[in-house]
Protein chains: 2
Amino acid sequence: MTSGAQKNSMQPPLGFARHDHAACVSDGLAAAETRCADSSLRFTPVRRKVLEILLQEHRALGAYAILDRLREDGFGSQPPVAYRALDFLVNHGFAHKIERLNAFIACAHPDEAHAPSFMICRMCDSVAEAQSAPNRSALSDAAKATGFRIERTVVEAEGVCPSCADKEDP
Amino acid sequence: MTSGAQKNSMQPPLGFARHDHAACVSDGLAAAETRCADSSLRFTPVRRKVLEILLQEHRALGAYAILDRLREDGFGSQPPVAYRALDFLVNHGFAHKIERLNAFIACAHPDEAHAPSFMICRMCDSVAEAQSAPNRSALSDAAKATGFRIERTVVEAEGVCPSCADKEDP
DNA sequence: GCCCTCCATGTGATTGTATAACACTTCACG
DNA sequence: CGTGAAGTGTTATACAATCACATGGAGGGC
């Protein structure tokens, strides 16, 4: 695999809804730039480039797909280069890791603090991010009961996105 | 890594609470046996052995740790052998995959149909399974709004289990 | 300004996770 | 029986993640 294409290379690479995509990239980069300046974080070229790639693609990308793009743009092409940039972006909330896919996606709400949850289409691998309400759920009750201290919760729903549902059932 | 040990080889390999462990194994195997017979599924030696391993260990095991055990018992020792058995067990609800750890664990409630959620200790990697209430959450609202059809939801909470919390804060 | 330290990047090597592809066997069933 | 579907075994390879070490630049203390 030389390009970042996965099984969904022919699919619309969007969230689920159409939107003005060009703005995503510039807005996302601008937001990151601003917040890094405010928090004295270093928004270096590699980090910027990786975020740009994620914003452009607008779906979950594996680390090696990202790495291919970095190579094309003259950055280092060894895994740690990508992983370090991704660690930075994830730790500071500019991107998220999709555990189900072992892949990464740009955050859709770069500013607001949030505990995201995701909807992943099993047909085209597109991903949409939803704000996850603070969970007063069976889980937090169980945690309280057993004495487990929850620090972070991953919520990933797998299913079929609207556009793939149309295709399979015409 | 030749044994199945991960970084938690010295930890109590239990859920979080003490319990009569011997019963887990036999009960789990019996339940699987029964349900496979009822549903005309083939509970073959490899599948049985993998479930037995998971029940014995009673914590999340990586596919290659399982593979090591299979080899010791004279089964095929190539990755697909383990992955196929695990696919079977996961698809039919006898085991679950912990996405956060890329590992597998025997189901704690082999009979009841359920949408499980997990609590994962980041210090000792022990895992407890909780029954997750049918989610009337922000997520299902978002799904309804965008037309996404949810088929399965992964919920994994990361944090610190009671016994590790004791250790870090004496 | 100069040095020093910290942080980030680049690189090679290695380990862990997962699947593709193909050959062979076994089982259910007509 | 004979046939087809499902299961198993094996080779090879792709993808994910980390370790260890070398280099280089940005900033802070002096």
# chains A, B, ... in the order shown; residues from 1 in each chain; ligands from 1

call {"tool": "interface_residues", "arguments": {"of": "chain A", "to": "chain C", "cutoff": "10 Å", "atoms": "only C-alpha atoms (C1' of nucleotides)", "output": "short mmCIF file (atom, residue, chain, number, x, y, z; two decimals) with N, CA and C atoms, in the first residue's frame"}}
result
data_model
loop_
_atom_site.label_atom_id
_atom_site.label_comp_id
_atom_site.auth_asym_id
_atom_site.auth_seq_id
_atom_site.Cartn_x
_atom_site.Cartn_y
_atom_site.Cartn_z
N ARG A 42 4.24 23.90 21.23
CA ARG A 42 4.96 24.17 19.97
C ARG A 42 4.26 23.48 18.81
N THR A 44 4.73 22.65 15.69
CA THR A 44 5.84 22.52 14.74
C THR A 44 5.34 22.08 13.37
N VAL A 46 5.89 19.39 11.49
CA VAL A 46 5.36 18.03 11.37
C VAL A 46 3.97 17.95 11.98
N PHE A 75 9.08 15.04 4.88
CA PHE A 75 9.35 14.84 6.30
C PHE A 75 9.95 13.45 6.52
N GLY A 76 10.39 13.21 7.73
CA GLY A 76 10.91 11.89 8.07
C GLY A 76 9.84 10.84 7.82
N SER A 77 10.28 9.64 7.47
CA SER A 77 9.30 8.64 7.04
C SER A 77 9.32 7.41 7.92
N GLN A 78 9.90 7.51 9.09
CA GLN A 78 9.89 6.38 10.00
C GLN A 78 8.72 6.50 10.98
N PRO A 80 8.06 6.46 14.15
CA PRO A 80 8.00 7.35 15.30
C PRO A 80 7.68 8.80 14.96
N VAL A 81 8.05 9.23 13.76
CA VAL A 81 7.73 10.60 13.36
C VAL A 81 6.22 10.81 13.40
N ARG A 84 4.71 10.30 17.09
CA ARG A 84 4.95 11.39 18.04
C ARG A 84 4.03 12.57 17.76
N ALA A 85 3.89 12.89 16.48
CA ALA A 85 2.99 13.98 16.13
C ALA A 85 1.56 13.63 16.54
#

call {"tool": "interface_residues", "arguments": {"of": "chain D", "to": "chain A", "cutoff": "10 Å", "atoms": "only C-alpha atoms (C1' of nucleotides)", "output": "list in words"}}
result
DA14, DC15, DA16, DA17 and DT18 of chain D

call {"tool": "select_by_dssp", "arguments": {"residues": "region 3-149 of chain B", "states": "strand (DSSP E)", "output": "ChimeraX atom specification"}}
result
/B:95-98,103-106,116-121,127-131,149

call {"tool": "write_last_selection", "arguments": {"atoms": "N, CA and C atoms", "output": "compact mmCIF listing (two decimals), in the first residue's frame"}}
result
# COMPACT_ATOMS: atom_id res chain seq x y z
N ALA B 95 -17.00 -14.46 24.08
CA ALA B 95 -15.84 -13.65 24.48
C ALA B 95 -16.02 -12.25 23.91
N HIS B 96 -15.19 -11.33 24.40
CA HIS B 96 -15.25 -9.96 23.91
C HIS B 96 -13.85 -9.50 23.56
N LYS B 97 -13.80 -8.60 22.60
CA LYS B 97 -12.51 -7.98 22.31
C LYS B 97 -12.43 -6.66 23.04
N ILE B 98 -11.31 -6.43 23.71
CA ILE B 98 -11.06 -5.15 24.35
C ILE B 98 -10.25 -4.32 23.36
N ALA B 103 -6.91 -6.99 22.81
CA ALA B 103 -6.86 -8.26 23.55
C ALA B 103 -8.27 -8.77 23.75
N PHE B 104 -8.34 -10.01 24.26
CA PHE B 104 -9.63 -10.69 24.33
C PHE B 104 -9.87 -11.21 25.74
N ILE B 105 -11.15 -11.28 26.09
CA ILE B 105 -11.50 -11.73 27.43
C ILE B 105 -12.78 -12.57 27.35
N ALA B 106 -12.88 -13.59 28.19
CA ALA B 106 -14.10 -14.40 28.20
C ALA B 106 -15.26 -13.57 28.71
N PRO B 116 -22.17 -5.23 26.45
CA PRO B 116 -21.28 -5.06 27.58
C PRO B 116 -20.51 -3.75 27.52
N SER B 117 -20.08 -3.31 28.69
CA SER B 117 -19.09 -2.24 28.74
C SER B 117 -18.00 -2.68 29.71
N PHE B 118 -16.84 -2.06 29.61
CA PHE B 118 -15.69 -2.56 30.35
C PHE B 118 -14.99 -1.47 31.12
N MET B 119 -14.42 -1.88 32.24
CA MET B 119 -13.55 -1.00 33.02
C MET B 119 -12.15 -1.59 32.98
N ILE B 120 -11.20 -0.81 32.49
CA ILE B 120 -9.85 -1.30 32.27
C ILE B 120 -8.88 -0.53 33.17
N CYS B 121 -8.16 -1.25 34.00
CA CYS B 121 -7.19 -0.57 34.87
C CYS B 121 -5.93 -0.27 34.08
N VAL B 127 -9.46 -6.25 33.83
CA VAL B 127 -10.67 -5.81 33.14
C VAL B 127 -11.90 -6.35 33.85
N ALA B 128 -12.89 -5.50 34.07
CA ALA B 128 -14.17 -5.95 34.62
C ALA B 128 -15.27 -5.62 33.63
N GLU B 129 -16.24 -6.50 33.55
CA GLU B 129 -17.33 -6.31 32.60
C GLU B 129 -18.58 -5.85 33.33
N ALA B 130 -19.22 -4.84 32.79
CA ALA B 130 -20.46 -4.35 33.39
C ALA B 130 -21.57 -4.45 32.36
N GLN B 131 -22.77 -4.69 32.83
CA GLN B 131 -23.91 -4.66 31.95
C GLN B 131 -24.20 -3.21 31.60
N ARG B 149 -27.31 4.07 11.45
CA ARG B 149 -27.93 2.91 12.11
C ARG B 149 -26.89 2.20 12.98

call {"tool": "interface_residues", "arguments": {"of": "chain A", "to": "chain B", "cutoff": "7 Å", "atoms": "only C-alpha atoms", "output": "ChimeraX atom specification"}}
result
/A:99-100,117,130-133,138-139,142,147-162

call {"tool": "write_last_selection", "arguments": {"atoms": "N, CA and C atoms", "output": "mmCIF file, in the first residue's frame"}}
result
data_model
loop_
_atom_site.group_PDB
_atom_site.id
_atom_site.type_symbol
_atom_site.label_atom_id
_atom_site.label_comp_id
_atom_site.auth_asym_id
_atom_site.auth_seq_id
_atom_site.Cartn_x
_atom_site.Cartn_y
_atom_site.Cartn_z
ATOM 1 N N GLU A 99 -10.186 3.545 18.396
ATOM 2 C CA GLU A 99 -9.605 2.265 18.820
ATOM 3 C C GLU A 99 -10.062 1.121 17.919
ATOM 4 N N ARG A 100 -11.315 1.181 17.532
ATOM 5 C CA ARG A 100 -11.880 0.126 16.712
ATOM 6 C C ARG A 100 -11.111 -0.063 15.407
ATOM 7 N N SER A 117 -17.758 10.831 21.396
ATOM 8 C CA SER A 117 -18.089 9.468 21.017
ATOM 9 C C SER A 117 -18.194 9.434 19.499
ATOM 10 N N ALA A 130 -19.637 12.668 17.798
ATOM 11 C CA ALA A 130 -20.781 13.234 18.512
ATOM 12 C C ALA A 130 -20.345 13.667 19.898
ATOM 13 N N GLN A 131 -20.957 14.699 20.409
ATOM 14 C CA GLN A 131 -20.697 15.089 21.784
ATOM 15 C C GLN A 131 -21.349 14.073 22.698
ATOM 16 N N SER A 132 -20.567 13.510 23.583
ATOM 17 C CA SER A 132 -21.121 12.507 24.476
ATOM 18 C C SER A 132 -21.476 13.138 25.816
ATOM 19 N N ALA A 133 -22.736 13.058 26.166
ATOM 20 C CA ALA A 133 -23.171 13.655 27.421
ATOM 21 C C ALA A 133 -22.472 12.969 28.579
ATOM 22 N N ALA A 138 -25.300 3.009 33.507
ATOM 23 C CA ALA A 138 -25.067 1.797 34.277
ATOM 24 C C ALA A 138 -23.571 1.654 34.565
ATOM 25 N N LEU A 139 -22.757 2.117 33.633
ATOM 26 C CA LEU A 139 -21.317 1.965 33.798
ATOM 27 C C LEU A 139 -20.801 2.745 34.997
ATOM 28 N N ALA A 142 -21.753 1.018 38.104
ATOM 29 C CA ALA A 142 -20.926 -0.158 38.354
ATOM 30 C C ALA A 142 -19.554 0.261 38.875
ATOM 31 N N GLY A 147 -15.633 0.468 43.177
ATOM 32 C CA GLY A 147 -14.506 1.283 43.602
ATOM 33 C C GLY A 147 -13.535 1.600 42.475
ATOM 34 N N PHE A 148 -13.986 1.436 41.255
ATOM 35 C CA PHE A 148 -13.128 1.740 40.110
ATOM 36 C C PHE A 148 -13.212 3.234 39.805
ATOM 37 N N ARG A 149 -12.053 3.878 39.606
ATOM 38 C CA ARG A 149 -12.039 5.312 39.297
ATOM 39 C C ARG A 149 -11.895 5.525 37.792
ATOM 40 N N ILE A 150 -12.928 5.983 37.149
ATOM 41 C CA ILE A 150 -12.902 6.199 35.700
ATOM 42 C C ILE A 150 -12.194 7.505 35.374
ATOM 43 N N GLU A 151 -11.246 7.424 34.443
ATOM 44 C CA GLU A 151 -10.530 8.638 34.049
ATOM 45 C C GLU A 151 -10.883 9.082 32.637
ATOM 46 N N ARG A 152 -11.292 8.105 31.830
ATOM 47 C CA ARG A 152 -11.520 8.396 30.416
ATOM 48 C C ARG A 152 -12.411 7.291 29.872
ATOM 49 N N THR A 153 -13.344 7.622 29.012
ATOM 50 C CA THR A 153 -14.221 6.591 28.471
ATOM 51 C C THR A 153 -14.265 6.661 26.956
ATOM 52 N N VAL A 154 -14.046 5.525 26.344
ATOM 53 C CA VAL A 154 -14.114 5.413 24.891
ATOM 54 C C VAL A 154 -15.500 4.911 24.511
ATOM 55 N N VAL A 155 -16.179 5.620 23.644
ATOM 56 C CA VAL A 155 -17.480 5.181 23.151
ATOM 57 C C VAL A 155 -17.458 5.177 21.628
ATOM 58 N N GLU A 156 -17.571 4.010 21.056
ATOM 59 C CA GLU A 156 -17.522 3.895 19.600
ATOM 60 C C GLU A 156 -18.660 3.008 19.108
ATOM 61 N N ALA A 157 -19.554 3.591 18.340
ATOM 62 C CA ALA A 157 -20.680 2.829 17.797
ATOM 63 C C ALA A 157 -20.358 2.391 16.377
ATOM 64 N N GLU A 158 -20.581 1.104 16.113
ATOM 65 C CA GLU A 158 -20.369 0.603 14.765
ATOM 66 C C GLU A 158 -21.715 0.356 14.109
ATOM 67 N N GLY A 159 -21.815 0.683 12.833
ATOM 68 C CA GLY A 159 -23.086 0.506 12.153
ATOM 69 C C GLY A 159 -22.974 0.891 10.687
ATOM 70 N N VAL A 160 -24.041 1.424 10.151
ATOM 71 C CA VAL A 160 -24.071 1.773 8.732
ATOM 72 C C VAL A 160 -24.483 3.235 8.583
ATOM 73 N N CYS A 161 -23.690 3.974 7.838
ATOM 74 C CA CYS A 161 -23.973 5.388 7.650
ATOM 75 C C CYS A 161 -25.090 5.557 6.612
ATOM 76 N N PRO A 162 -25.725 6.713 6.592
ATOM 77 C CA PRO A 162 -26.857 6.945 5.691
ATOM 78 C C PRO A 162 -26.528 6.613 4.235
#

call {"tool": "atom_distance", "arguments": {"atom1": "CA of Pro110 (chain A)", "atom2": "CA of Phe94 (chain A)"}}
result
5.8 Å

call {"tool": "residues_around", "arguments": {"residues": "Asp27 (chain A)", "least_positions_apart": "6", "cutoff": "12 Å", "atoms": "only C-alpha atoms (C1' of nucleotides)", "output": "ChimeraX atom specification"}}
result
/A:20-21,33-34,51-52,55-56,94,106-111

call {"tool": "select_by_dssp", "arguments": {"residues": "chain B", "states": "helix (DSSP H, G or I)", "output": "short mmCIF file (atom, residue, chain, number, x, y, z; two decimals) with N, CA and C atoms, in the first residue's frame"}}
result
data_model
loop_
_atom_site.label_atom_id
_atom_site.label_comp_id
_atom_site.auth_asym_id
_atom_site.auth_seq_id
_atom_site.Cartn_x
_atom_site.Cartn_y
_atom_site.Cartn_z
N HIS B 21 -13.15 -19.10 41.53
CA HIS B 21 -12.67 -19.05 40.17
C HIS B 21 -12.86 -20.36 39.42
N ALA B 22 -12.74 -21.47 40.13
CA ALA B 22 -12.85 -22.76 39.45
C ALA B 22 -14.19 -22.89 38.73
N ALA B 23 -15.22 -22.38 39.37
CA ALA B 23 -16.55 -22.48 38.78
C ALA B 23 -16.64 -21.72 37.46
N CYS B 24 -15.92 -20.59 37.35
CA CYS B 24 -15.96 -19.80 36.13
C CYS B 24 -15.68 -20.66 34.92
N VAL B 25 -14.60 -21.43 35.02
CA VAL B 25 -14.15 -22.20 33.88
C VAL B 25 -15.18 -23.24 33.48
N SER B 26 -15.57 -24.07 34.45
CA SER B 26 -16.49 -25.14 34.09
C SER B 26 -17.85 -24.59 33.69
N ASP B 27 -18.34 -23.59 34.41
CA ASP B 27 -19.62 -23.00 34.05
C ASP B 27 -19.56 -22.40 32.65
N GLY B 28 -18.52 -21.66 32.38
CA GLY B 28 -18.39 -21.01 31.09
C GLY B 28 -18.37 -22.02 29.96
N LEU B 29 -17.57 -23.06 30.15
CA LEU B 29 -17.48 -24.09 29.11
C LEU B 29 -18.83 -24.80 28.93
N ALA B 30 -19.47 -25.09 30.05
CA ALA B 30 -20.75 -25.79 29.97
C ALA B 30 -21.79 -24.93 29.24
N ALA B 31 -21.84 -23.67 29.60
CA ALA B 31 -22.79 -22.77 28.96
C ALA B 31 -22.56 -22.71 27.45
N ALA B 32 -21.29 -22.60 27.08
CA ALA B 32 -20.98 -22.53 25.66
C ALA B 32 -21.38 -23.81 24.95
N GLU B 33 -21.04 -24.91 25.59
CA GLU B 33 -21.37 -26.22 25.02
C GLU B 33 -22.88 -26.32 24.77
N THR B 34 -23.63 -25.98 25.78
CA THR B 34 -25.09 -26.05 25.66
C THR B 34 -25.61 -25.16 24.53
N ARG B 35 -25.16 -23.92 24.53
CA ARG B 35 -25.72 -22.99 23.56
C ARG B 35 -25.31 -23.35 22.14
N CYS B 36 -24.09 -23.89 21.98
CA CYS B 36 -23.67 -24.31 20.65
C CYS B 36 -24.53 -25.47 20.16
N ALA B 37 -24.82 -26.40 21.07
CA ALA B 37 -25.67 -27.52 20.69
C ALA B 37 -27.04 -27.01 20.26
N ASP B 38 -27.60 -26.10 21.05
CA ASP B 38 -28.92 -25.56 20.74
C ASP B 38 -28.95 -24.84 19.40
N PRO B 45 -12.55 -28.49 19.08
CA PRO B 45 -11.48 -28.51 20.08
C PRO B 45 -10.72 -27.20 20.19
N VAL B 46 -10.35 -26.59 19.07
CA VAL B 46 -9.60 -25.33 19.15
C VAL B 46 -10.44 -24.27 19.84
N ARG B 47 -11.67 -24.17 19.43
CA ARG B 47 -12.54 -23.13 20.00
C ARG B 47 -12.74 -23.37 21.49
N ARG B 48 -12.94 -24.63 21.84
CA ARG B 48 -13.10 -24.95 23.24
C ARG B 48 -11.84 -24.60 24.03
N LYS B 49 -10.71 -24.94 23.47
CA LYS B 49 -9.45 -24.69 24.16
C LYS B 49 -9.22 -23.19 24.35
N VAL B 50 -9.51 -22.42 23.32
CA VAL B 50 -9.31 -20.97 23.44
C VAL B 50 -10.23 -20.39 24.51
N LEU B 51 -11.47 -20.83 24.51
CA LEU B 51 -12.38 -20.33 25.55
C LEU B 51 -11.88 -20.76 26.93
N GLU B 52 -11.40 -21.97 27.03
CA GLU B 52 -10.88 -22.45 28.31
C GLU B 52 -9.71 -21.59 28.78
N ILE B 53 -8.83 -21.27 27.87
CA ILE B 53 -7.68 -20.41 28.20
C ILE B 53 -8.16 -19.06 28.73
N LEU B 54 -9.11 -18.47 28.01
CA LEU B 54 -9.61 -17.16 28.42
C LEU B 54 -10.29 -17.23 29.78
N LEU B 55 -11.04 -18.30 30.02
CA LEU B 55 -11.74 -18.44 31.29
C LEU B 55 -10.74 -18.64 32.43
N GLN B 56 -9.74 -19.46 32.17
CA GLN B 56 -8.73 -19.70 33.20
C GLN B 56 -8.01 -18.41 33.57
N GLU B 57 -7.57 -17.72 32.55
CA GLU B 57 -6.74 -16.54 32.81
C GLU B 57 -7.56 -15.44 33.45
N ALA B 63 -3.78 -12.05 21.31
CA ALA B 63 -3.92 -13.22 20.45
C ALA B 63 -2.66 -14.08 20.47
N TYR B 64 -1.52 -13.46 20.59
CA TYR B 64 -0.27 -14.23 20.54
C TYR B 64 0.02 -14.94 21.85
N ALA B 65 -0.49 -14.40 22.94
CA ALA B 65 -0.39 -15.11 24.21
C ALA B 65 -1.23 -16.37 24.13
N ILE B 66 -2.41 -16.24 23.56
CA ILE B 66 -3.28 -17.41 23.39
C ILE B 66 -2.60 -18.43 22.48
N LEU B 67 -1.99 -17.91 21.45
CA LEU B 67 -1.32 -18.77 20.49
C LEU B 67 -0.24 -19.61 21.16
N ASP B 68 0.50 -18.99 22.05
CA ASP B 68 1.54 -19.72 22.79
C ASP B 68 0.94 -20.90 23.53
N ARG B 69 -0.20 -20.67 24.16
CA ARG B 69 -0.85 -21.73 24.91
C ARG B 69 -1.33 -22.84 23.98
N LEU B 70 -1.85 -22.45 22.84
CA LEU B 70 -2.33 -23.44 21.88
C LEU B 70 -1.18 -24.33 21.43
N ARG B 71 -0.06 -23.69 21.19
CA ARG B 71 1.11 -24.45 20.75
C ARG B 71 1.49 -25.50 21.79
N GLU B 72 1.52 -25.07 23.04
CA GLU B 72 1.85 -26.00 24.12
C GLU B 72 0.92 -27.20 24.14
N PRO B 79 -0.88 -17.59 13.59
CA PRO B 79 -1.87 -16.60 14.01
C PRO B 79 -3.30 -16.90 13.57
N PRO B 80 -3.54 -17.26 12.32
CA PRO B 80 -4.94 -17.46 11.93
C PRO B 80 -5.69 -18.47 12.79
N VAL B 81 -5.00 -19.44 13.31
CA VAL B 81 -5.66 -20.43 14.15
C VAL B 81 -6.32 -19.75 15.35
N ALA B 82 -5.56 -18.90 16.01
CA ALA B 82 -6.10 -18.20 17.16
C ALA B 82 -7.17 -17.19 16.73
N TYR B 83 -6.88 -16.44 15.69
CA TYR B 83 -7.83 -15.39 15.30
C TYR B 83 -9.17 -15.96 14.86
N ARG B 84 -9.14 -17.10 14.20
CA ARG B 84 -10.41 -17.67 13.76
C ARG B 84 -11.24 -18.16 14.94
N ALA B 85 -10.58 -18.79 15.88
CA ALA B 85 -11.30 -19.24 17.07
C ALA B 85 -11.85 -18.03 17.82
N LEU B 86 -11.03 -17.00 17.94
CA LEU B 86 -11.48 -15.80 18.64
C LEU B 86 -12.65 -15.14 17.91
N ASP B 87 -12.59 -15.10 16.59
CA ASP B 87 -13.71 -14.53 15.83
C ASP B 87 -15.00 -15.27 16.16
N PHE B 88 -14.89 -16.58 16.17
CA PHE B 88 -16.07 -17.38 16.49
C PHE B 88 -16.60 -17.03 17.87
N LEU B 89 -15.73 -17.03 18.85
CA LEU B 89 -16.16 -16.78 20.22
C LEU B 89 -16.75 -15.38 20.37
N VAL B 90 -16.13 -14.41 19.74
CA VAL B 90 -16.62 -13.04 19.84
C VAL B 90 -17.96 -12.90 19.11
N ASN B 91 -18.05 -13.45 17.91
CA ASN B 91 -19.29 -13.33 17.14
C ASN B 91 -20.48 -13.93 17.85
N GLU B 99 -10.89 -3.38 22.70
CA GLU B 99 -10.23 -2.64 21.63
C GLU B 99 -9.05 -1.85 22.15
N ARG B 100 -9.23 -1.31 23.34
CA ARG B 100 -8.19 -0.48 23.93
C ARG B 100 -6.88 -1.24 24.09
N LEU B 101 -6.97 -2.55 24.31
CA LEU B 101 -5.78 -3.35 24.60
C LEU B 101 -5.42 -4.28 23.45
N ALA B 138 -26.82 10.75 24.43
CA ALA B 138 -26.58 11.75 23.40
C ALA B 138 -26.19 11.06 22.09
N LEU B 139 -25.51 9.93 22.23
CA LEU B 139 -25.05 9.24 21.03
C LEU B 139 -26.21 8.73 20.19
N SER B 140 -27.18 8.08 20.82
CA SER B 140 -28.28 7.55 20.01
C SER B 140 -29.13 8.68 19.43
N ASP B 141 -29.19 9.79 20.13
CA ASP B 141 -29.87 10.95 19.55
C ASP B 141 -29.14 11.42 18.29
N ALA B 142 -27.85 11.53 18.41
CA ALA B 142 -27.06 11.97 17.26
C ALA B 142 -27.21 11.01 16.09
N ALA B 143 -27.24 9.71 16.42
CA ALA B 143 -27.40 8.72 15.36
C ALA B 143 -28.74 8.91 14.67
N LYS B 144 -29.77 9.08 15.46
CA LYS B 144 -31.09 9.27 14.88
C LYS B 144 -31.10 10.52 13.98
N ALA B 145 -30.49 11.56 14.47
CA ALA B 145 -30.50 12.82 13.73
C ALA B 145 -29.80 12.70 12.38
N THR B 146 -28.70 11.95 12.33
CA THR B 146 -27.94 11.89 11.08
C THR B 146 -28.34 10.71 10.21
N PRO B 162 -9.65 -0.68 42.16
CA PRO B 162 -9.52 -0.51 43.60
C PRO B 162 -8.16 -0.95 44.14
N SER B 163 -7.70 -2.12 43.68
CA SER B 163 -6.49 -2.65 44.30
C SER B 163 -5.25 -1.82 43.92
N CYS B 164 -5.22 -1.29 42.68
CA CYS B 164 -4.11 -0.43 42.30
C CYS B 164 -4.22 0.95 42.96
N ALA B 165 -5.43 1.41 43.18
CA ALA B 165 -5.61 2.68 43.85
C ALA B 165 -5.02 2.61 45.26
N ASP B 166 -5.21 1.48 45.95
CA ASP B 166 -4.63 1.28 47.27
C ASP B 166 -3.12 1.42 47.21
N LYS B 167 -2.53 0.77 46.22
CA LYS B 167 -1.07 0.76 46.14
C LYS B 167 -0.48 2.14 45.93
N GLU B 168 -1.09 2.92 45.02
CA GLU B 168 -0.46 4.20 44.67
C GLU B 168 -0.64 5.25 45.76
#
